[in-house]
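So this one's work00.pdb, PDB, C-alpha atoms, pLDDT in the B column:
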ATOM      1  CA  MET M   1     -13.976   2.798  12.367  1.00 47.00           C
ATOM      2  CA  LYS M   2     -12.039   4.150  15.305  1.00 49.00           C
ATOM      3  CA  ASN M   3     -11.930   7.820  14.260  1.00 45.00           C
ATOM      4  CA  GLU M   4     -14.657   9.860  12.592  1.00 55.00           C
ATOM      5  CA  LYS M   5     -12.084  11.781  10.554  1.00 62.00           C
ATOM      6  CA  LEU M   6     -10.041   9.819   8.006  1.00 60.00           C
ATOM      7  CA  LYS M   7      -6.496  11.014   8.485  1.00 90.00           C
ATOM      8  CA  TYR M   8      -3.797   9.263   6.482  1.00 97.00           C
ATOM      9  CA  ASN M   9      -3.456   7.745   3.002  1.00 98.00           C
ATOM     10  CA  ILE M  10      -1.749   4.376   3.377  1.00 98.00           C
ATOM     11  CA  VAL M  11      -0.806   2.469   0.229  1.00 98.00           C
ATOM     12  CA  VAL M  12      -0.771  -1.304   0.226  1.00 98.00           C
ATOM     13  CA  SER M  13       1.502  -2.537  -2.525  1.00 98.00           C
ATOM     14  CA  GLY M  14       1.775  -6.203  -3.365  1.00 98.00           C
ATOM     15  CA  ALA M  15       1.522  -8.979  -5.902  1.00 97.00           C
ATOM     16  CA  ALA M  16      -1.443  -9.056  -8.265  1.00 96.00           C
ATOM     17  CA  GLN M  17      -0.634 -12.715  -8.950  1.00 96.00           C
ATOM     18  CA  VAL M  18      -0.143 -14.451  -5.608  1.00 96.00           C
ATOM     19  CA  GLY M  19       1.094 -17.948  -6.522  1.00 95.00           C
ATOM     20  CA  HIS M  20       4.560 -17.194  -5.115  1.00 96.00           C
ATOM     21  CA  CYS M  21       3.274 -15.565  -1.923  1.00 97.00           C
ATOM     22  CA  SER M  22       2.779 -17.193   1.474  1.00 97.00           C
ATOM     23  CA  GLU M  23      -0.102 -19.676   1.748  1.00 95.00           C
ATOM     24  CA  ASN M  24      -2.263 -17.373   3.865  1.00 97.00           C
ATOM     25  CA  ILE M  25      -1.668 -14.262   1.748  1.00 98.00           C
ATOM     26  CA  GLU M  26      -5.371 -13.549   1.233  1.00 98.00           C
ATOM     27  CA  GLU M  27      -6.106 -13.401   4.980  1.00 98.00           C
ATOM     28  CA  ILE M  28      -2.896 -11.472   5.752  1.00 98.00           C
ATOM     29  CA  SER M  29      -3.755  -8.857   3.113  1.00 98.00           C
ATOM     30  CA  LYS M  30      -7.330  -8.564   4.390  1.00 98.00           C
ATOM     31  CA  GLU M  31      -6.039  -8.109   7.938  1.00 98.00           C
ATOM     32  CA  VAL M  32      -3.826  -5.198   6.862  1.00 98.00           C
ATOM     33  CA  GLY M  33      -6.848  -3.605   5.150  1.00 98.00           C
ATOM     34  CA  ARG M  34      -8.947  -4.157   8.278  1.00 98.00           C
ATOM     35  CA  GLU M  35      -6.288  -2.569  10.505  1.00 98.00           C
ATOM     36  CA  ILE M  36      -6.101   0.510   8.299  1.00 98.00           C
ATOM     37  CA  ALA M  37      -9.902   0.824   8.474  1.00 97.00           C
ATOM     38  CA  ARG M  38     -10.018   0.047  12.215  1.00 97.00           C
ATOM     39  CA  ASN M  39      -7.667   2.967  12.823  1.00 96.00           C
ATOM     40  CA  GLY M  40      -9.713   5.356  10.678  1.00 95.00           C
ATOM     41  CA  HIS M  41      -7.330   5.807   7.769  1.00 97.00           C
ATOM     42  CA  ILE M  42      -7.697   5.561   4.002  1.00 97.00           C
ATOM     43  CA  LEU M  43      -6.420   2.531   2.124  1.00 98.00           C
ATOM     44  CA  VAL M  44      -4.901   3.279  -1.280  1.00 98.00           C
ATOM     45  CA  THR M  45      -4.031   0.573  -3.818  1.00 98.00           C
ATOM     46  CA  GLY M  46      -3.212   0.094  -7.482  1.00 97.00           C
ATOM     47  CA  ALA M  47      -6.792  -1.125  -8.142  1.00 97.00           C
ATOM     48  CA  THR M  48      -5.663  -4.568  -9.148  1.00 97.00           C
ATOM     49  CA  THR M  49      -6.127  -8.213  -8.184  1.00 97.00           C
ATOM     50  CA  GLY M  50      -4.268 -10.206  -5.525  1.00 98.00           C
ATOM     51  CA  VAL M  51      -2.835  -8.455  -2.465  1.00 98.00           C
ATOM     52  CA  PRO M  52      -4.286  -4.978  -3.243  1.00 98.00           C
ATOM     53  CA  TYR M  53      -7.714  -6.489  -3.907  1.00 98.00           C
ATOM     54  CA  PHE M  54      -7.695  -8.570  -0.714  1.00 98.00           C
ATOM     55  CA  ALA M  55      -6.583  -5.553   1.354  1.00 98.00           C
ATOM     56  CA  SER M  56      -9.469  -3.550  -0.123  1.00 98.00           C
ATOM     57  CA  VAL M  57     -11.943  -6.316   0.718  1.00 98.00           C
ATOM     58  CA  GLY M  58     -10.650  -6.381   4.307  1.00 98.00           C
ATOM     59  CA  CYS M  59     -10.949  -2.604   4.542  1.00 98.00           C
ATOM     60  CA  ASN M  60     -14.555  -2.792   3.330  1.00 97.00           C
ATOM     61  CA  GLU M  61     -15.399  -5.494   5.892  1.00 97.00           C
ATOM     62  CA  LEU M  62     -14.966  -2.886   8.647  1.00 96.00           C
ATOM     63  CA  GLY M  63     -16.635  -0.066   6.752  1.00 96.00           C
ATOM     64  CA  GLY M  64     -13.332   1.534   5.832  1.00 96.00           C
ATOM     65  CA  PHE M  65     -12.678   3.798   2.875  1.00 96.00           C
ATOM     66  CA  ASN M  66     -10.387   2.858   0.017  1.00 96.00           C
ATOM     67  CA  ILE M  67      -9.183   4.411  -3.205  1.00 98.00           C
ATOM     68  CA  GLY M  68      -7.989   2.549  -6.279  1.00 98.00           C
ATOM     69  CA  PHE M  69      -5.518   4.102  -8.708  1.00 98.00           C
ATOM     70  CA  SER M  70      -6.097   2.446 -12.074  1.00 98.00           C
ATOM     71  CA  PRO M  71      -3.487   2.245 -14.832  1.00 98.00           C
ATOM     72  CA  ALA M  72      -6.383   2.739 -17.280  1.00 98.00           C
ATOM     73  CA  ALA M  73      -7.791   5.982 -18.655  1.00 98.00           C
ATOM     74  CA  THR M  74     -11.441   4.924 -18.378  1.00 98.00           C
ATOM     75  CA  GLU M  75     -13.683   2.448 -16.582  1.00 97.00           C
ATOM     76  CA  SER M  76     -14.182   0.538 -19.820  1.00 97.00           C
ATOM     77  CA  GLN M  77     -10.428   0.235 -20.361  1.00 97.00           C
ATOM     78  CA  HIS M  78      -9.955  -0.754 -16.696  1.00 98.00           C
ATOM     79  CA  LEU M  79     -12.422  -3.625 -17.129  1.00 97.00           C
ATOM     80  CA  LYS M  80     -11.820  -4.719 -20.732  1.00 97.00           C
ATOM     81  CA  SER M  81      -8.159  -4.013 -21.519  1.00 97.00           C
ATOM     82  CA  TYR M  82      -6.573  -4.394 -18.093  1.00 97.00           C
ATOM     83  CA  ARG M  83      -9.162  -6.873 -16.775  1.00 97.00           C
ATOM     84  CA  LEU M  84      -9.124  -5.352 -13.302  1.00 97.00           C
ATOM     85  CA  PRO M  85     -11.852  -5.344 -10.629  1.00 96.00           C
ATOM     86  CA  LEU M  86     -14.072  -2.438  -9.605  1.00 95.00           C
ATOM     87  CA  ASP M  87     -16.116  -3.879  -6.759  1.00 93.00           C
ATOM     88  CA  PRO M  88     -14.087  -3.225  -3.589  1.00 93.00           C
ATOM     89  CA  PHE M  89     -13.110   0.390  -4.280  1.00 95.00           C
ATOM     90  CA  ASN M  90     -15.001   3.404  -2.921  1.00 96.00           C
ATOM     91  CA  ILE M  91     -13.314   5.742  -5.391  1.00 97.00           C
ATOM     92  CA  MET M  92     -11.456   4.890  -8.578  1.00 98.00           C
ATOM     93  CA  ILE M  93      -8.935   7.295 -10.054  1.00 98.00           C
ATOM     94  CA  TYR M  94      -8.262   6.567 -13.721  1.00 98.00           C
ATOM     95  CA  THR M  95      -4.698   7.741 -14.269  1.00 98.00           C
ATOM     96  CA  GLY M  96      -4.326   6.744 -17.930  1.00 97.00           C
ATOM     97  CA  ALA M  97      -0.643   6.353 -17.105  1.00 97.00           C
ATOM     98  CA  ASP M  98      -0.260   2.568 -17.549  1.00 97.00           C
ATOM     99  CA  TYR M  99       1.327   0.651 -14.661  1.00 96.00           C
ATOM    100  CA  VAL M 100       4.583   2.584 -14.297  1.00 96.00           C
ATOM    101  CA  GLY M 101       2.943   6.017 -14.290  1.00 97.00           C
ATOM    102  CA  ARG M 102       0.140   4.796 -12.046  1.00 97.00           C
ATOM    103  CA  ASP M 103       2.735   3.530  -9.552  1.00 97.00           C
ATOM    104  CA  VAL M 104       4.354   6.949  -9.325  1.00 97.00           C
ATOM    105  CA  ILE M 105       1.097   8.901  -9.021  1.00 97.00           C
ATOM    106  CA  MET M 106      -0.318   6.504  -6.425  1.00 98.00           C
ATOM    107  CA  THR M 107       2.849   6.290  -4.333  1.00 97.00           C
ATOM    108  CA  LYS M 108       3.351  10.045  -4.284  1.00 96.00           C
ATOM    109  CA  SER M 109      -0.221  10.452  -2.949  1.00 95.00           C
ATOM    110  CA  ALA M 110       0.628   8.367   0.121  1.00 96.00           C
ATOM    111  CA  ASP M 111       1.670   9.155   3.646  1.00 97.00           C
ATOM    112  CA  ALA M 112       3.127   5.639   3.853  1.00 98.00           C
ATOM    113  CA  VAL M 113       3.571   2.533   1.722  1.00 98.00           C
ATOM    114  CA  ILE M 114       3.174  -1.028   3.011  1.00 98.00           C
ATOM    115  CA  ILE M 115       4.793  -3.827   1.003  1.00 98.00           C
ATOM    116  CA  ILE M 116       3.198  -7.298   1.123  1.00 98.00           C
ATOM    117  CA  CYS M 117       4.730 -10.094  -1.013  1.00 98.00           C
ATOM    118  CA  GLY M 118       5.156  -8.590  -4.477  1.00 96.00           C
ATOM    119  CA  ARG M 119       7.021  -8.807  -7.724  1.00 96.00           C
ATOM    120  CA  THR M 120       8.624  -6.234 -10.023  1.00 95.00           C
ATOM    121  CA  GLY M 121       5.765  -3.705  -9.816  1.00 95.00           C
ATOM    122  CA  THR M 122       5.929  -3.825  -6.032  1.00 96.00           C
ATOM    123  CA  LEU M 123       9.664  -3.257  -6.152  1.00 95.00           C
ATOM    124  CA  HIS M 124       9.011  -0.241  -8.397  1.00 96.00           C
ATOM    125  CA  GLU M 125       6.496   1.189  -5.920  1.00 97.00           C
ATOM    126  CA  PHE M 126       8.980   0.536  -3.095  1.00 95.00           C
ATOM    127  CA  THR M 127      11.766   2.436  -4.874  1.00 93.00           C
ATOM    128  CA  VAL M 128       9.434   5.349  -5.712  1.00 95.00           C
ATOM    129  CA  ALA M 129       8.450   5.466  -2.020  1.00 95.00           C
ATOM    130  CA  ILE M 130      12.107   5.503  -0.954  1.00 92.00           C
ATOM    131  CA  GLU M 131      13.051   8.153  -3.519  1.00 91.00           C
ATOM    132  CA  THR M 132      10.142  10.404  -2.498  1.00 93.00           C
ATOM    133  CA  ASN M 133      10.937   9.997   1.211  1.00 92.00           C
ATOM    134  CA  LYS M 134       7.741   8.185   2.169  1.00 95.00           C
ATOM    135  CA  ILE M 135       7.381   6.048   5.261  1.00 96.00           C
ATOM    136  CA  VAL M 136       7.885   2.477   4.079  1.00 97.00           C
ATOM    137  CA  ALA M 137       6.914  -0.730   5.855  1.00 98.00           C
ATOM    138  CA  VAL M 138       7.582  -4.289   4.758  1.00 98.00           C
ATOM    139  CA  LEU M 139       5.489  -7.234   5.951  1.00 98.00           C
ATOM    140  CA  GLU M 140       8.124  -9.941   5.990  1.00 98.00           C
ATOM    141  CA  GLY M 141       7.212 -13.611   5.768  1.00 98.00           C
ATOM    142  CA  THR M 142       4.715 -12.994   2.971  1.00 98.00           C
ATOM    143  CA  GLY M 143       6.992 -14.118   0.126  1.00 97.00           C
ATOM    144  CA  GLY M 144       8.196 -12.374  -3.014  1.00 97.00           C
ATOM    145  CA  MET M 145       9.811  -8.944  -2.802  1.00 97.00           C
ATOM    146  CA  ALA M 146       8.758  -8.442   0.818  1.00 97.00           C
ATOM    147  CA  ASP M 147      11.207 -11.157   1.822  1.00 97.00           C
ATOM    148  CA  LYS M 148      14.023  -9.797  -0.355  1.00 95.00           C
ATOM    149  CA  ILE M 149      13.895  -6.039   0.322  1.00 94.00           C
ATOM    150  CA  ARG M 150      15.891  -6.092   3.571  1.00 92.00           C
ATOM    151  CA  GLY M 151      18.755  -7.887   1.818  1.00 90.00           C
ATOM    152  CA  ILE M 152      18.639  -5.526  -1.151  1.00 87.00           C
ATOM    153  CA  ILE M 153      18.742  -2.448   1.081  1.00 86.00           C
ATOM    154  CA  GLU M 154      21.485  -3.836   3.326  1.00 82.00           C
ATOM    155  CA  SER M 155      23.616  -4.900   0.358  1.00 79.00           C
ATOM    156  CA  TYR M 156      23.155  -2.193  -2.224  1.00 76.00           C
ATOM    157  CA  CYS M 157      21.353   0.893  -0.969  1.00 71.00           C
ATOM    158  CA  LYS M 158      21.361   3.495   1.713  1.00 64.00           C
ATOM    159  CA  ALA M 159      17.778   4.527   2.287  1.00 59.00           C
ATOM    160  CA  SER M 160      17.540   8.003   3.779  1.00 58.00           C
ATOM    161  CA  ASN M 161      14.262   7.124   5.414  1.00 67.00           C
ATOM    162  CA  LYS M 162      13.645   4.458   8.024  1.00 79.00           C
ATOM    163  CA  ILE M 163      12.128   1.222   6.768  1.00 93.00           C
ATOM    164  CA  ILE M 164       9.813  -0.628   9.134  1.00 96.00           C
ATOM    165  CA  TYR M 165      10.153  -4.406   9.036  1.00 97.00           C
ATOM    166  CA  GLU M 166       7.496  -6.489  10.760  1.00 97.00           C
ATOM    167  CA  ARG M 167       5.894  -9.931  10.561  1.00 98.00           C
ATOM    168  CA  ASP M 168       2.600  -9.146  12.308  1.00 98.00           C
ATOM    169  CA  PRO M 169      -0.012  -7.194  10.278  1.00 98.00           C
ATOM    170  CA  LYS M 170      -1.517  -5.418  13.296  1.00 98.00           C
ATOM    171  CA  LYS M 171       1.867  -4.347  14.690  1.00 98.00           C
ATOM    172  CA  LEU M 172       2.984  -3.237  11.230  1.00 98.00           C
ATOM    173  CA  VAL M 173      -0.009  -0.905  10.781  1.00 98.00           C
ATOM    174  CA  GLU M 174       0.399   0.430  14.347  1.00 98.00           C
ATOM    175  CA  ARG M 175       4.056   1.230  13.709  1.00 97.00           C
ATOM    176  CA  VAL M 176       3.244   2.882  10.366  1.00 98.00           C
ATOM    177  CA  ILE M 177       0.640   5.137  11.986  1.00 97.00           C
ATOM    178  CA  LYS M 178       3.074   6.115  14.764  1.00 96.00           C
ATOM    179  CA  GLU M 179       5.692   7.056  12.164  1.00 95.00           C
ATOM    180  CA  ILE M 180       3.194   9.127  10.189  1.00 95.00           C
ATOM    181  CA  ASP M 181       2.131  10.854  13.419  1.00 93.00           C
ATOM    182  CA  LYS M 182       5.773  11.715  14.164  1.00 92.00           C
ATOM    183  CA  LYS M 183       6.392  12.990  10.640  1.00 90.00           C
ATOM    184  CA  LYS M 184       3.229  15.140  10.676  1.00 88.00           C
ATOM    185  CA  LYS M 185       4.074  16.624  14.098  1.00 87.00           C
ATOM    186  CA  LYS M 186       7.583  17.466  12.924  1.00 85.00           C
ATOM    187  CA  ALA M 187       6.203  19.112   9.771  1.00 81.00           C
ATOM    188  CA  SER M 188       3.652  21.156  11.745  1.00 75.00           C
ATOM    189  CA  LYS M 189       6.419  22.428  14.057  1.00 75.00           C
ATOM    190  CA  LEU M 190       8.348  23.641  11.009  1.00 74.00           C
ATOM    191  CA  LEU M 191       5.323  25.641   9.883  1.00 70.00           C
ATOM    192  CA  LYS M 192       5.067  27.532  13.184  1.00 64.00           C
TER     193      LYS M 192
END
Whole structure given in structure tokens:
Amino acid sequence: MKNEKLKYNIVVSGAAQVGHCSENIEEISKEVGREIARNGHILVTGATTGVPYFASVGCNELGGFNIGFSPAATESQHLKSYRLPLDPFNIMIYTGADYVGRDVIMTKSADAVIIICGRTGTLHEFTVAIETNKIVAVLEGTGGMADKIRGIIESYCKASNKIIYERDPKKLVERVIKEIDKKKKKASKLLK
């Protein structure tokens, strides 16, 4: 890891089922996880399969730290009822809030949210991030919601916060970190 101190919580939100995503979605997701770890930050996901799982695996490959927010109330429920993995997560938070509640709790814990591919749950996490004024980044070219969000925003919404659009995983994470840095500096000036 680049920094000894883990600084920012960065959520990776994306499709648990990846059949509709780009062909190289597993490697793209891992690369985003690696970049978060390489820069010394904490990866946060919804503790599920697909994109969040692959990002967590990538994070682990570089010795990074990641947190999973489970929709389940217990480990047993996480494994048996939801049929979700445990192996790539350093810490698991059992929200007991099902998927919708988990999305809100997880997203509100973030400094930024990165969207990769995705379906309805990803769109929900995106809208929670927008409504709670989080930094939001979209990795376009990955399929699913990630390739539709720009059109939705341009056609129907006025986001009060800037949305970062990028096609390169490394550049996306770099831009996200710069935006968090700016937001943190601005907040610290307000406290003085």
Shell around Ile116 of chain M at 9 Å using all atoms listed in the file, local window under 2 positions removed, as a ChimeraX atom specification: /M:12-15,21,25,28-29,51-52,114,118,122,137-147
The PyMOL selection byres ((chain M and resi 111) around 8) applied to the shown file, residues as a CSV table (one decimal) with C-alpha atoms, keeping the file's coordinate frame:
chain,number,residue,atom,x,y,z
M,8,TYR,CA,-3.8,9.3,6.5
M,9,ASN,CA,-3.5,7.7,3.0
M,10,ILE,CA,-1.7,4.4,3.4
M,11,VAL,CA,-0.8,2.5,0.2
M,109,SER,CA,-0.2,10.5,-2.9
M,110,ALA,CA,0.6,8.4,0.1
M,112,ALA,CA,3.1,5.6,3.9
M,113,VAL,CA,3.6,2.5,1.7
M,134,LYS,CA,7.7,8.2,2.2
M,135,ILE,CA,7.4,6.0,5.3
M,180,ILE,CA,3.2,9.1,10.2
Shortest interatomic distance to Thr127 of chain M - which of M:Gln77, M:Asn66, M:Thr107, M:Ser188, counting only C-alpha atoms: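 Once distances to Thr127 of chain M are computed over only C-alpha atoms, the minimum belongs to M:Thr107.
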Proximity to Gly64 of chain M - best of M:Ala16, M:Cys117, M:Leu43, M:Ile163, all atoms listed in the file: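 When distances to Gly64 of chain M are compared using all atoms listed in the file, the smallest one comes from M:Leu43.
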Residue nearest Val18 of chain M among M:Gly101, M:Arg119, M:Ala72, M:Cys59 (counting only C-alpha atoms):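 Using only C-alpha atoms, the shortest distance to Val18 of chain M belongs to M:Arg119.
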Between atom CA of Lys162 of chain M and atom CA of His124 of chain M, distance in Å (one decimal):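 Taking atom CA of Lys162 of chain M and atom CA of His124 of chain M, their separation equals 17.7 Å.
Across the model, the gap from atom CA of Gly46 of chain M to atom CA of Gly33 of chain M is 13.7 Å.
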